[in-house]
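Asker: Before I ask anything, let me first share the structure, which is written out below as structure tokens.
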Amino acid sequence: MARSYRTYAHGPLASGIVVREPCLMTIASTSSVSSTIRARLIGGPTLQFGYAGLNIVIDPTFDAPGEYEGGITLRKLVGPAVPAADLGTIDLVLLSHDQHADNLDTSGRELLAGATTVLSTPDAASRIPGVTGLVPWQTTLVGAAEVEAVPALHGPNGAEEISGPVTGFVLRAPGAPVVYVSGDNASTDIVAEIVERTGPIDIAVLFAGAANVGRFGDVDVTLNARTAVIAAQLLGAARVVAVHAEGWDHFSETPERLARMFDRAGLADRLTIPTRGKWFEVA
């Protein structure tokens, strides 16, 4: 059954939240302390994990398989491994963007209303009540966690005019690992910039899968296996959790290919490819 999915115009920027200066760290890197998080993959980009006492969900997608009509039709192949009702009380949703159904579907939109805090782009905040929009390098506190918005580029240079704005996030908290969530970012140059400005990352949740709907020809709009390896090398010793690599028809590379590329690069011990619906720990 086809679902109608609207693409929205861009809105105003958010204001009133701290902007971080380059290399200014309010909470120091925790590379020397325990850097373990417990998480489970719901499907596609949707990851639930615990952090600094918070129950966090990334890019909620909980619809059954189906089609999303629009400028380009997206096809969801697999439903969620865990129903939204089983997630418990959600303290924080990290929403990379709202304009594409593979990052926020109909059921995901319904879930936002029950979350205590939702952080996303200013454009998403202008369209969805209750969402707080952050521009790159802005920070806000959610409980004990400092959440910083970081850049993301959903395609080649200049893609924002077509794909719309996207954000990533960096999380810090006393005694917790520094966690980077890439969002739908395809640019390794942006990964390098984030590392330069924020300092060491302990755990990186990378959106992979080489998403490609043909809008930019053969240029992918998320990381592919090759660029994910480059991102991992830029991220130093960070452990990598790969999401956004299964469940949708426009994900053009498999998790198995990603694993092979990391193995060939000598990085297999740093890569975690989650099993859908199963809790795992990253340390």
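So you can find residues: chains in the structure tokens are A, B, ... in the order shown, residues in each start at 1, and ligands are numbered from 1 in order.
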Leaving out A:Thr106 and any residue of its chain fewer than 2 positions from it, which residues lie within 8 Å of it when counting only C-alpha atoms, given as a list in words?
Answerer: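 That gives Thr61, Phe62, Asp63, Ala101, Leu104, Gly108, Arg109 and Glu110 of chain A.
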Asker: Quick one: everything within 6 Å of A:Asp202, counting only C-alpha atoms, minus sequence neighbours fewer than 4 positions away in the same chain. Send it as an NGL selection string.
Answerer: :A and (177-178 or 238)
Asker: What lies within 8 Å of A:Arg172 using only C-alpha atoms, ignoring chain neighbours under 2 positions off, as a PDB file with N, CA and C atoms, in the first residue's frame?
Answerer:
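The result, written out as result.pdb:
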ATOM      1  N   ILE A  27      33.095  19.191  28.335  1.00  0.00           N
ATOM      2  CA  ILE A  27      33.299  17.954  29.065  1.00  0.00           C
ATOM      3  C   ILE A  27      34.419  17.209  28.364  1.00  0.00           C
ATOM      4  N   SER A  29      37.189  14.535  26.916  1.00  0.00           N
ATOM      5  CA  SER A  29      37.081  13.208  26.334  1.00  0.00           C
ATOM      6  C   SER A  29      37.229  12.145  27.413  1.00  0.00           C
ATOM      7  N   ALA A 145      23.688  14.755  29.913  1.00  0.00           N
ATOM      8  CA  ALA A 145      24.380  14.664  28.630  1.00  0.00           C
ATOM      9  C   ALA A 145      24.407  16.007  27.917  1.00  0.00           C
ATOM     10  N   GLU A 146      25.569  16.348  27.405  1.00  0.00           N
ATOM     11  CA  GLU A 146      25.700  17.484  26.505  1.00  0.00           C
ATOM     12  C   GLU A 146      25.571  16.963  25.080  1.00  0.00           C
ATOM     13  N   VAL A 147      24.650  17.535  24.322  1.00  0.00           N
ATOM     14  CA  VAL A 147      24.422  17.118  22.934  1.00  0.00           C
ATOM     15  C   VAL A 147      24.787  18.271  22.016  1.00  0.00           C
ATOM     16  N   VAL A 170      27.041  14.895  18.488  1.00  0.00           N
ATOM     17  CA  VAL A 170      28.087  14.377  19.365  1.00  0.00           C
ATOM     18  C   VAL A 170      27.575  14.481  20.795  1.00  0.00           C
ATOM     19  N   PRO A 174      29.863  13.118  31.876  1.00  0.00           N
ATOM     20  CA  PRO A 174      30.907  12.657  32.801  1.00  0.00           C
ATOM     21  C   PRO A 174      30.881  11.143  32.945  1.00  0.00           C
ATOM     22  N   ALA A 176      31.205   8.893  30.741  1.00  0.00           N
ATOM     23  CA  ALA A 176      30.611   8.175  29.611  1.00  0.00           C
ATOM     24  C   ALA A 176      31.481   8.357  28.375  1.00  0.00           C
ATOM     25  N   PRO A 177      31.355   7.464  27.398  1.00  0.00           N
ATOM     26  CA  PRO A 177      32.112   7.643  26.159  1.00  0.00           C
ATOM     27  C   PRO A 177      31.609   8.846  25.374  1.00  0.00           C
ATOM     28  N   VAL A 178      32.468   9.405  24.551  1.00  0.00           N
ATOM     29  CA  VAL A 178      32.049  10.430  23.591  1.00  0.00           C
ATOM     30  C   VAL A 178      31.500   9.696  22.372  1.00  0.00           C
ATOM     31  N   VAL A 179      30.247   9.984  22.022  1.00  0.00           N
ATOM     32  CA  VAL A 179      29.551   9.259  20.961  1.00  0.00           C
ATOM     33  C   VAL A 179      29.233  10.217  19.813  1.00  0.00           C
TER      34      VAL A 179
END
Asker: For A:Ala211, which residue among A:Arg75, A:Arg239, A:Lys278, A:His244 is the nearest when counting only C-alpha atoms?
Answerer: A:His244
Asker: Ranking A:Ala125, A:Ile42, A:Ala186, A:Leu171 by minimum distance to A:Ala152 and counting only C-alpha atoms, which one comes first?
Answerer: A:Ala186
Asker: Counting only C-alpha atoms, which of A:Gln48, A:Asn103, A:Thr254, A:Ser96 gets nearest to A:Val131?
Answerer: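 Looking only at the distances to A:Val131, the closest residue turns out to be A:Ser96.
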Asker: Tell me which protein, DNA and RNA residues are within 9 Å of A:Ile190, counting only C-alpha atoms, leaving out same-chain ones fewer than 5 positions away, and put them as an MDAnalysis selection string.
Answerer: chainID A and resid 150:153 185 195
Asker: Include N, CA, C and O atoms and write out the residues we just selected as a JSON list (two decimals), in the first residue's frame.
Answerer:
[["chain", "number", "residue", "atom", "x", "y", "z"],
["A", 150, "VAL", "N", 26.28, 18.58, 14.85],
["A", 150, "VAL", "CA", 27.45, 18.67, 13.98],
["A", 150, "VAL", "C", 26.99, 18.55, 12.53],
["A", 150, "VAL", "O", 25.91, 18.04, 12.24],
["A", 151, "PRO", "N", 27.81, 19.03, 11.59],
["A", 151, "PRO", "CA", 27.38, 19.04, 10.19],
["A", 151, "PRO", "C", 27.18, 17.64, 9.62],
["A", 151, "PRO", "O", 27.77, 16.66, 10.08],
["A", 152, "ALA", "N", 26.35, 17.58, 8.59],
["A", 152, "ALA", "CA", 26.18, 16.37, 7.77],
["A", 152, "ALA", "C", 25.79, 16.83, 6.37],
["A", 152, "ALA", "O", 25.16, 17.87, 6.21],
["A", 153, "LEU", "N", 26.19, 16.06, 5.38],
["A", 153, "LEU", "CA", 25.91, 16.40, 3.99],
["A", 153, "LEU", "C", 25.30, 15.19, 3.32],
["A", 153, "LEU", "O", 25.95, 14.16, 3.15],
["A", 185, "ASN", "N", 25.07, 11.36, 6.47],
["A", 185, "ASN", "CA", 26.22, 12.11, 5.97],
["A", 185, "ASN", "C", 27.03, 11.26, 5.00],
["A", 185, "ASN", "O", 27.37, 10.12, 5.31],
["A", 195, "VAL", "N", 36.09, 15.75, 13.81],
["A", 195, "VAL", "CA", 37.18, 15.28, 14.68],
["A", 195, "VAL", "C", 38.09, 16.43, 15.08],
["A", 195, "VAL", "O", 38.50, 16.55, 16.24]]
Asker: Kindly indicate which residue among A:Thr46, A:Gln233, A:Ser107, A:Asn55 lies nearest to A:Arg270, using only C-alpha atoms for the distances.
Answerer: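 Going through A:Thr46, A:Gln233, A:Ser107, A:Asn55 one by one, the smallest distance to A:Arg270 is for A:Gln233.
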Asker: Go ahead and compute the interatomic distance for atom CA of A:Ala268 and atom CA of A:Glu246, in Å to one decimal.
Answerer: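 A separation of 19.2 Å between them.
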Asker: Which of stretch 103-268 of chain A end up as helix (DSSP H, G or I) when DSSP is run on this backbone - answer as a PyMOL selection string?
Answerer: chain A and resi 106-112+122-127+160-163+188-198+225-234+255-264+268
Asker: Which residues in stretch 52-190 of chain A does DSSP call strand (DSSP E or B)? List them as a count of residues only.
Answerer: 45
Asker: How many Å lie between atom CA of A:Glu281 and atom CA of A:Ile37, rounded to one decimal?
Answerer: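 Between these atoms lies a distance of 5.5 Å.
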Asker: Smallest atom-to-atom distance to A:Pro83: which of A:Tyr68, A:Ala39, A:Pro60, A:Ile203, using only C-alpha atoms?
Answerer: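 Using only C-alpha atoms, A:Pro83 sits closest to A:Pro60.
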